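Visitor: Have a peek at work.cif (mmCIF, C-alpha atoms).
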```cif
data_entry
#
loop_
_atom_site.group_PDB
_atom_site.id
_atom_site.type_symbol
_atom_site.label_atom_id
_atom_site.label_comp_id
_atom_site.auth_asym_id
_atom_site.auth_seq_id
_atom_site.Cartn_x
_atom_site.Cartn_y
_atom_site.Cartn_z
ATOM 1 C CA MET A 1 79.240 87.528 90.910
ATOM 2 C CA LYS A 2 80.598 88.887 94.211
ATOM 3 C CA PHE A 3 78.522 86.425 96.250
ATOM 4 C CA LYS A 4 79.628 83.499 94.059
ATOM 5 C CA LEU A 5 83.282 84.436 94.579
ATOM 6 C CA LEU A 6 82.878 84.757 98.341
ATOM 7 C CA PHE A 7 81.029 81.418 98.474
ATOM 8 C CA MET A 8 83.789 79.658 96.508
ATOM 9 C CA LEU A 9 86.500 81.103 98.780
ATOM 10 C CA LEU A 10 84.547 80.063 101.881
ATOM 11 C CA MET A 11 84.128 76.493 100.613
ATOM 12 C CA MET A 12 87.842 76.264 99.836
ATOM 13 C CA CYS A 13 88.719 77.480 103.343
ATOM 14 C CA VAL A 14 86.451 74.832 104.839
ATOM 15 C CA SER A 15 87.789 71.996 102.674
ATOM 16 C CA LEU A 16 91.537 72.739 102.847
ATOM 17 C CA PRO A 17 92.086 71.561 106.455
ATOM 18 C CA SER A 18 90.547 68.152 105.676
ATOM 19 C CA MET A 19 92.671 67.880 102.530
ATOM 20 C CA ALA A 20 95.758 68.679 104.579
ATOM 21 C CA ARG A 21 95.317 65.782 107.036
ATOM 22 C CA PRO A 22 97.614 62.912 105.958
ATOM 23 C CA GLY A 23 96.592 59.282 106.260
ATOM 24 C CA ASP A 24 99.240 58.426 108.845
ATOM 25 C CA ASN A 25 98.599 61.548 110.963
ATOM 26 C CA ARG A 26 102.129 62.847 110.533
ATOM 27 C CA PRO A 27 102.830 66.267 112.064
ATOM 28 C CA PHE A 28 103.463 69.383 110.008
ATOM 29 C CA GLU A 29 106.809 69.216 108.230
ATOM 30 C CA ALA A 30 108.865 72.379 108.394
ATOM 31 C CA ASP A 31 111.704 73.414 106.105
ATOM 32 C CA PRO A 32 113.423 70.131 105.081
ATOM 33 C CA HIS A 33 116.714 71.955 104.428
ATOM 34 C CA CYS A 34 117.158 72.780 108.093
ATOM 35 C CA GLY A 35 118.220 70.163 110.649
ATOM 36 C CA PRO A 36 117.631 69.636 114.382
ATOM 37 C CA ARG A 37 119.571 72.833 115.179
ATOM 38 C CA CYS A 38 116.522 74.852 114.067
ATOM 39 C CA GLY A 39 114.298 73.390 116.732
ATOM 40 C CA GLY A 40 111.385 72.527 114.464
ATOM 41 C CA LEU A 41 108.961 69.629 114.792
ATOM 42 C CA ASN A 42 110.612 66.198 114.532
ATOM 43 C CA GLY A 43 113.947 67.829 113.776
ATOM 44 C CA GLY A 44 112.508 69.925 110.964
ATOM 45 C CA GLY A 45 113.318 73.583 110.539
ATOM 46 C CA SER A 46 111.623 76.578 112.093
ATOM 47 C CA ASN A 47 111.512 78.486 108.762
ATOM 48 C CA ALA A 48 113.068 81.533 110.431
ATOM 49 C CA GLY A 49 113.977 84.251 107.948
ATOM 50 C CA PHE A 50 112.631 86.857 105.559
ATOM 51 C CA TYR A 51 109.796 86.432 103.068
ATOM 52 C CA ILE A 52 107.942 88.493 100.457
ATOM 53 C CA GLY A 53 104.591 88.041 98.769
ATOM 54 C CA THR A 54 101.304 89.375 97.495
ATOM 55 C CA GLU A 55 97.566 89.046 98.053
ATOM 56 C CA LEU A 56 95.142 89.402 95.138
ATOM 57 C CA GLY A 57 91.360 89.099 95.144
ATOM 58 C CA TYR A 58 88.026 90.734 95.973
ATOM 59 C CA SER A 59 88.358 94.207 97.539
ATOM 60 C CA ASN A 60 85.367 96.025 99.041
ATOM 61 C CA ASN A 61 85.046 99.350 100.869
ATOM 62 C CA SER A 62 82.446 100.125 103.540
ATOM 63 C CA GLN A 63 81.595 103.817 103.612
ATOM 64 C CA THR A 64 80.671 104.428 107.248
ATOM 65 C CA ASN A 65 81.433 108.152 107.533
ATOM 66 C CA ALA A 66 79.074 110.868 106.245
ATOM 67 C CA SER A 67 82.006 113.200 105.483
ATOM 68 C CA TYR A 68 82.488 111.658 102.039
ATOM 69 C CA GLN A 69 78.940 110.631 101.146
ATOM 70 C CA SER A 70 79.093 112.534 97.829
ATOM 71 C CA ILE A 71 81.892 110.252 96.548
ATOM 72 C CA ASP A 72 80.006 107.673 94.498
ATOM 73 C CA ASN A 73 81.145 104.060 94.115
ATOM 74 C CA ALA A 74 84.449 104.517 95.936
ATOM 75 C CA GLU A 75 86.139 101.315 94.854
ATOM 76 C CA LEU A 76 89.571 100.202 93.771
ATOM 77 C CA ASN A 77 89.855 99.789 90.014
ATOM 78 C CA LEU A 78 92.835 97.471 89.379
ATOM 79 C CA PHE A 79 93.654 96.302 85.825
ATOM 80 C CA GLY A 80 90.375 97.894 84.697
ATOM 81 C CA SER A 81 88.233 95.689 86.939
ATOM 82 C CA ASP A 82 86.143 97.014 89.834
ATOM 83 C CA ASN A 83 86.524 95.265 93.198
ATOM 84 C CA LEU A 84 89.809 93.588 92.194
ATOM 85 C CA GLY A 85 92.359 94.512 94.842
ATOM 86 C CA GLY A 86 95.940 93.668 95.690
ATOM 87 C CA ARG A 87 98.410 93.969 98.549
ATOM 88 C CA LEU A 88 102.206 93.637 98.602
ATOM 89 C CA PHE A 89 103.986 92.519 101.754
ATOM 90 C CA ALA A 90 107.351 91.597 103.245
ATOM 91 C CA GLY A 91 108.051 90.064 106.622
ATOM 92 C CA TYR A 92 110.367 88.237 108.963
ATOM 93 C CA ARG A 93 109.507 84.914 110.552
ATOM 94 C CA PHE A 94 111.105 84.544 113.984
ATOM 95 C CA ASP A 95 110.307 80.848 114.353
ATOM 96 C CA GLN A 96 107.684 78.310 113.355
ATOM 97 C CA ASN A 97 104.876 80.317 114.984
ATOM 98 C CA TYR A 98 105.637 84.046 115.131
ATOM 99 C CA ALA A 99 106.319 86.628 112.422
ATOM 100 C CA PHE A 100 106.145 90.361 111.762
ATOM 101 C CA GLU A 101 104.857 91.638 108.413
ATOM 102 C CA VAL A 102 104.774 95.016 106.629
ATOM 103 C CA GLY A 103 102.384 95.572 103.721
ATOM 104 C CA TYR A 104 101.288 98.136 101.138
ATOM 105 C CA ASN A 105 97.649 98.411 100.048
ATOM 106 C CA ASN A 106 95.899 100.757 97.587
ATOM 107 C CA THR A 107 92.232 100.434 98.591
ATOM 108 C CA VAL A 108 90.588 103.230 96.548
ATOM 109 C CA ASP A 109 91.633 104.570 93.145
ATOM 110 C CA MET A 110 88.937 106.337 91.124
ATOM 111 C CA SER A 111 88.504 109.497 89.077
ATOM 112 C CA GLY A 112 86.124 110.849 86.475
ATOM 113 C CA ASN A 113 83.973 113.681 85.234
ATOM 114 C CA ALA A 114 80.445 114.180 83.969
ATOM 115 C CA THR A 115 78.459 116.959 82.259
ATOM 116 C CA TRP A 116 74.716 117.460 82.052
ATOM 117 C CA GLY A 117 73.294 120.744 80.760
ATOM 118 C CA ASP A 118 75.040 123.683 82.464
ATOM 119 C CA ASN A 119 76.213 121.529 85.327
ATOM 120 C CA SER A 120 79.325 119.372 85.593
ATOM 121 C CA ALA A 121 81.220 117.324 88.138
ATOM 122 C CA GLN A 122 84.812 116.243 88.604
ATOM 123 C CA TRP A 123 86.080 113.817 91.187
ATOM 124 C CA HIS A 124 89.247 112.071 92.283
ATOM 125 C CA TYR A 125 89.548 109.741 95.255
ATOM 126 C CA GLN A 126 92.610 107.695 96.204
ATOM 127 C CA VAL A 127 93.443 105.894 99.439
ATOM 128 C CA GLN A 128 96.693 104.017 100.033
ATOM 129 C CA GLY A 129 98.908 103.131 102.954
ATOM 130 C CA ILE A 130 101.299 100.819 104.733
ATOM 131 C CA ASP A 131 100.562 98.478 107.625
ATOM 132 C CA GLY A 132 102.501 96.466 110.178
ATOM 133 C CA SER A 133 101.137 93.297 111.779
ATOM 134 C CA PHE A 134 102.227 90.589 114.177
ATOM 135 C CA ILE A 135 101.344 87.129 112.850
ATOM 136 C CA TYR A 136 100.750 83.847 114.651
ATOM 137 C CA ASN A 137 101.167 80.727 112.512
ATOM 138 C CA TYR A 138 99.623 77.410 113.581
ATOM 139 C CA PRO A 139 101.084 74.366 111.778
ATOM 140 C CA LEU A 140 98.471 71.842 110.680
ATOM 141 C CA ALA A 141 99.590 68.796 108.713
ATOM 142 C CA ASN A 142 101.302 67.882 105.467
ATOM 143 C CA HIS A 143 102.826 71.363 104.929
ATOM 144 C CA PHE A 144 99.591 73.287 105.672
ATOM 145 C CA SER A 145 99.379 76.062 108.275
ATOM 146 C CA ALA A 146 96.740 78.528 109.460
ATOM 147 C CA PHE A 147 97.534 82.059 110.592
ATOM 148 C CA ALA A 148 96.006 85.108 112.257
ATOM 149 C CA LYS A 149 97.361 88.661 112.320
ATOM 150 C CA ALA A 150 96.683 91.994 114.008
ATOM 151 C CA GLY A 151 98.330 95.402 113.746
ATOM 152 C CA LEU A 152 98.094 99.044 112.700
ATOM 153 C CA GLY A 153 98.314 100.927 109.418
ATOM 154 C CA ILE A 154 99.098 104.490 108.330
ATOM 155 C CA TYR A 155 96.883 105.436 105.376
ATOM 156 C CA TYR A 156 96.778 108.543 103.181
ATOM 157 C CA ALA A 157 93.611 109.860 101.494
ATOM 158 C CA ASP A 158 93.613 112.251 98.515
ATOM 159 C CA VAL A 159 90.040 113.427 97.883
ATOM 160 C CA HIS A 160 88.650 115.987 95.431
ATOM 161 C CA ASP A 161 84.945 116.104 94.601
ATOM 162 C CA GLU A 162 83.574 119.224 92.924
ATOM 163 C CA TYR A 163 80.123 119.945 91.501
ATOM 164 C CA VAL A 164 79.869 123.139 89.414
ATOM 165 C CA LEU A 165 76.833 125.390 90.153
ATOM 166 C CA SER A 166 76.512 123.893 93.642
ATOM 167 C CA ASP A 167 78.221 124.116 97.010
ATOM 168 C CA ALA A 168 79.149 120.420 97.133
ATOM 169 C CA VAL A 169 82.943 120.645 97.115
ATOM 170 C CA ILE A 170 85.359 118.339 98.943
ATOM 171 C CA ASP A 171 89.115 118.867 98.746
ATOM 172 C CA LYS A 172 91.014 116.934 101.385
ATOM 173 C CA ASN A 173 94.445 115.403 101.945
ATOM 174 C CA GLN A 174 94.857 113.566 105.199
ATOM 175 C CA THR A 175 96.812 110.814 106.944
ATOM 176 C CA ARG A 176 95.151 108.585 109.537
ATOM 177 C CA VAL A 177 95.956 105.521 111.671
ATOM 178 C CA VAL A 178 93.738 102.467 111.135
ATOM 179 C CA GLY A 179 93.501 98.963 112.577
ATOM 180 C CA ILE A 180 94.454 95.792 110.682
ATOM 181 C CA ALA A 181 93.272 92.210 111.278
ATOM 182 C CA GLY A 182 93.366 89.095 109.153
ATOM 183 C CA THR A 183 93.396 85.320 108.889
ATOM 184 C CA GLY A 184 94.107 82.651 106.317
ATOM 185 C CA ILE A 185 95.445 79.224 105.439
ATOM 186 C CA GLU A 186 98.601 78.454 103.454
ATOM 187 C CA TYR A 187 100.326 75.472 101.859
ATOM 188 C CA ASN A 188 104.127 75.580 102.206
ATOM 189 C CA PHE A 189 105.954 73.951 99.308
ATOM 190 C CA ARG A 190 109.411 72.434 99.877
ATOM 191 C CA ASN A 191 110.991 75.012 97.543
ATOM 192 C CA HIS A 192 110.104 77.840 99.980
ATOM 193 C CA VAL A 193 106.988 78.914 98.077
ATOM 194 C CA GLY A 194 103.703 79.372 99.956
ATOM 195 C CA LEU A 195 100.240 79.507 98.394
ATOM 196 C CA GLY A 196 96.879 79.869 100.127
ATOM 197 C CA LEU A 197 93.787 81.921 100.901
ATOM 198 C CA SER A 198 93.627 85.032 103.091
ATOM 199 C CA ALA A 199 91.272 87.714 104.369
ATOM 200 C CA THR A 200 92.481 91.136 105.566
ATOM 201 C CA TYR A 201 90.264 93.792 107.187
ATOM 202 C CA GLN A 202 91.223 97.461 107.658
ATOM 203 C CA THR A 203 89.144 99.777 109.845
ATOM 204 C CA ALA A 204 87.749 103.199 108.803
ATOM 205 C CA ASN A 205 88.997 106.598 109.936
ATOM 206 C CA ASP A 206 87.423 109.815 108.566
ATOM 207 C CA TYR A 207 87.972 109.949 104.763
ATOM 208 C CA ILE A 208 89.582 106.495 104.819
ATOM 209 C CA PRO A 209 86.863 103.846 104.410
ATOM 210 C CA ALA A 210 86.985 100.385 105.946
ATOM 211 C CA ASN A 211 88.281 97.805 103.478
ATOM 212 C CA THR A 212 88.076 94.023 103.187
ATOM 213 C CA LEU A 213 90.438 92.090 100.898
ATOM 214 C CA ILE A 214 89.644 88.393 100.351
ATOM 215 C CA GLY A 215 91.645 86.334 97.898
ATOM 216 C CA VAL A 216 94.728 84.302 97.069
ATOM 217 C CA ARG A 217 98.001 84.755 98.971
ATOM 218 C CA ALA A 218 101.386 83.808 97.507
ATOM 219 C CA SER A 219 104.735 84.144 99.287
ATOM 220 C CA TYR A 220 108.412 83.228 98.925
ATOM 221 C CA ARG A 221 110.615 82.436 101.931
ATOM 222 C CA PHE A 222 114.340 83.181 101.616
#
```
Would you mind giving the structure from this file in structure tokens?
Guide:
Amino acid sequence: MKFKLLFMLLMMCVSLPSMARPGDNRPFEADPHCGPRCGGLNGGGSNAGFYIGTELGYSNNSQTNASYQSIDNAELNLFGSDNLGGRLFAGYRFDQNYAFEVGYNNTVDMSGNATWGDNSAQWHYQVQGIDGSFIYNYPLANHFSAFAKAGLGIYYADVHDEYVLSDAVIDKNQTRVVGIAGTGIEYNFRNHVGLGLSATYQTANDYIPANTLIGVRASYRF
């Protein structure tokens, strides 16, 4: 199922640029409510201003550090579904190309317990944080644009993993700095709504695993 979802998202990313190319090769149209004073293409607007939005899709963690090997299946469980992740964000667009964005992401949220014979186990593992990224937007055609982003995040890990009748006990609370990178494509509706596909990658740092979020991105420009 995961591979089918990734394949579908990849095919959509490949096909969207060709769908965006108009027959008369008109340039990207910016905000139609803004005139030549905004300095956009062909007198269109630069879309400068604030925006908010969300990303929702496939979330996957890469456990690259042996310090939390005993945490099994460390995945985000959103709405009762494994590997379904989400991110909230808000940003400011300086002009048609450049923006700064702040986001919140909860990449791991799991807990449970098990008993077998005289032995038992209890575990809790949550990772969440905020990130800040600079974004470069490249206008395509017919209201489509592609973007790339890079920045840093501050993430907090709350880990407790205890096995009774053994020495395997982890109890950690830590805050670490991680790297953020991403890309995507978006269609900008005339009513200030944006809808597209995005991929965001967050690096690992100690008890904070690397995370990849691939899915649908929706935004609203004020």
Visitor: I need every residue sitting at most 8 Å from the point (89.0, 106.9, 108.6) (coordinates as in the file, only C-alpha atoms considered), written as a ChimeraX atom specification.
Guide: /A:65,176-178,203-210
Visitor: Env of Gly132 in chain A: 12 Å cut, atoms = all atoms listed in the file, seq-sep filter 3 positions within chain, self excluded. Answer as a PDB file with C-alpha atoms, keeping the file's coordinate frame.
Guide:
```
ATOM      1  CA  LEU A  88     102.206  93.637  98.602  1.00  0.00           C
ATOM      2  CA  PHE A  89     103.986  92.519 101.754  1.00  0.00           C
ATOM      3  CA  ALA A  90     107.351  91.597 103.245  1.00  0.00           C
ATOM      4  CA  GLY A  91     108.051  90.064 106.622  1.00  0.00           C
ATOM      5  CA  TYR A  92     110.367  88.237 108.963  1.00  0.00           C
ATOM      6  CA  ALA A  99     106.319  86.628 112.422  1.00  0.00           C
ATOM      7  CA  PHE A 100     106.145  90.361 111.762  1.00  0.00           C
ATOM      8  CA  GLU A 101     104.857  91.638 108.413  1.00  0.00           C
ATOM      9  CA  VAL A 102     104.774  95.016 106.629  1.00  0.00           C
ATOM     10  CA  GLY A 103     102.384  95.572 103.721  1.00  0.00           C
ATOM     11  CA  TYR A 104     101.288  98.136 101.138  1.00  0.00           C
ATOM     12  CA  ASN A 105      97.649  98.411 100.048  1.00  0.00           C
ATOM     13  CA  GLY A 129      98.908 103.131 102.954  1.00  0.00           C
ATOM     14  CA  ILE A 135     101.344  87.129 112.850  1.00  0.00           C
ATOM     15  CA  LYS A 149      97.361  88.661 112.320  1.00  0.00           C
ATOM     16  CA  ALA A 150      96.683  91.994 114.008  1.00  0.00           C
ATOM     17  CA  GLY A 151      98.330  95.402 113.746  1.00  0.00           C
ATOM     18  CA  LEU A 152      98.094  99.044 112.700  1.00  0.00           C
ATOM     19  CA  GLY A 153      98.314 100.927 109.418  1.00  0.00           C
ATOM     20  CA  ILE A 154      99.098 104.490 108.330  1.00  0.00           C
ATOM     21  CA  TYR A 155      96.883 105.436 105.376  1.00  0.00           C
ATOM     22  CA  VAL A 177      95.956 105.521 111.671  1.00  0.00           C
ATOM     23  CA  VAL A 178      93.738 102.467 111.135  1.00  0.00           C
ATOM     24  CA  GLY A 179      93.501  98.963 112.577  1.00  0.00           C
ATOM     25  CA  ILE A 180      94.454  95.792 110.682  1.00  0.00           C
ATOM     26  CA  ALA A 181      93.272  92.210 111.278  1.00  0.00           C
ATOM     27  CA  GLY A 182      93.366  89.095 109.153  1.00  0.00           C
ATOM     28  CA  GLN A 202      91.223  97.461 107.658  1.00  0.00           C
TER      29      GLN A 202
END
```
Visitor: Using all atoms listed in the file, can you tell me which of A:Asp131, A:Tyr220, A:Gly215, A:Asp158 comes closest to Asn188 in chain A?
Guide: A:Tyr220
Visitor: For the file shown, what are the residues hit by the PyMOL selection byres ((chain A and resi 185) around 10), laid out as a PDB file with C-alpha atoms, in the coordinates of the input?
Guide:
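expr26.pdb written:
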```
ATOM      1  CA  MET A  12      87.842  76.264  99.836  1.00  0.00           C
ATOM      2  CA  CYS A  13      88.719  77.480 103.343  1.00  0.00           C
ATOM      3  CA  LEU A  16      91.537  72.739 102.847  1.00  0.00           C
ATOM      4  CA  PRO A  17      92.086  71.561 106.455  1.00  0.00           C
ATOM      5  CA  ASN A 137     101.167  80.727 112.512  1.00  0.00           C
ATOM      6  CA  TYR A 138      99.623  77.410 113.581  1.00  0.00           C
ATOM      7  CA  PRO A 139     101.084  74.366 111.778  1.00  0.00           C
ATOM      8  CA  LEU A 140      98.471  71.842 110.680  1.00  0.00           C
ATOM      9  CA  PHE A 144      99.591  73.287 105.672  1.00  0.00           C
ATOM     10  CA  SER A 145      99.379  76.062 108.275  1.00  0.00           C
ATOM     11  CA  ALA A 146      96.740  78.528 109.460  1.00  0.00           C
ATOM     12  CA  PHE A 147      97.534  82.059 110.592  1.00  0.00           C
ATOM     13  CA  ALA A 148      96.006  85.108 112.257  1.00  0.00           C
ATOM     14  CA  THR A 183      93.396  85.320 108.889  1.00  0.00           C
ATOM     15  CA  GLY A 184      94.107  82.651 106.317  1.00  0.00           C
ATOM     16  CA  GLU A 186      98.601  78.454 103.454  1.00  0.00           C
ATOM     17  CA  TYR A 187     100.326  75.472 101.859  1.00  0.00           C
ATOM     18  CA  ASN A 188     104.127  75.580 102.206  1.00  0.00           C
ATOM     19  CA  GLY A 194     103.703  79.372  99.956  1.00  0.00           C
ATOM     20  CA  LEU A 195     100.240  79.507  98.394  1.00  0.00           C
ATOM     21  CA  GLY A 196      96.879  79.869 100.127  1.00  0.00           C
ATOM     22  CA  LEU A 197      93.787  81.921 100.901  1.00  0.00           C
ATOM     23  CA  SER A 198      93.627  85.032 103.091  1.00  0.00           C
ATOM     24  CA  ALA A 199      91.272  87.714 104.369  1.00  0.00           C
ATOM     25  CA  VAL A 216      94.728  84.302  97.069  1.00  0.00           C
ATOM     26  CA  ARG A 217      98.001  84.755  98.971  1.00  0.00           C
TER      27      ARG A 217
END
```
Visitor: Please indicate the distance in Å from CA of Ser62 in chain A to CA of Ala218 in chain A, rounded to one decimal place.
Guide: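 Answer for the CA of Ser62 in chain A to CA of Ala218 in chain A separation: 25.7 Å.
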Visitor: Of the residues A:Ala141, A:Met110, A:Leu213, A:Ala157, which is the one nearest to Gln128 in chain A, using only C-alpha atoms?
Guide: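 Under the stated criterion, the closest residue is A:Ala157.
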Visitor: Can you work out the spacing between CA of Val127 in chain A and CA of Val108 in chain A in Å, to one decimal?
Guide: 4.9 Å
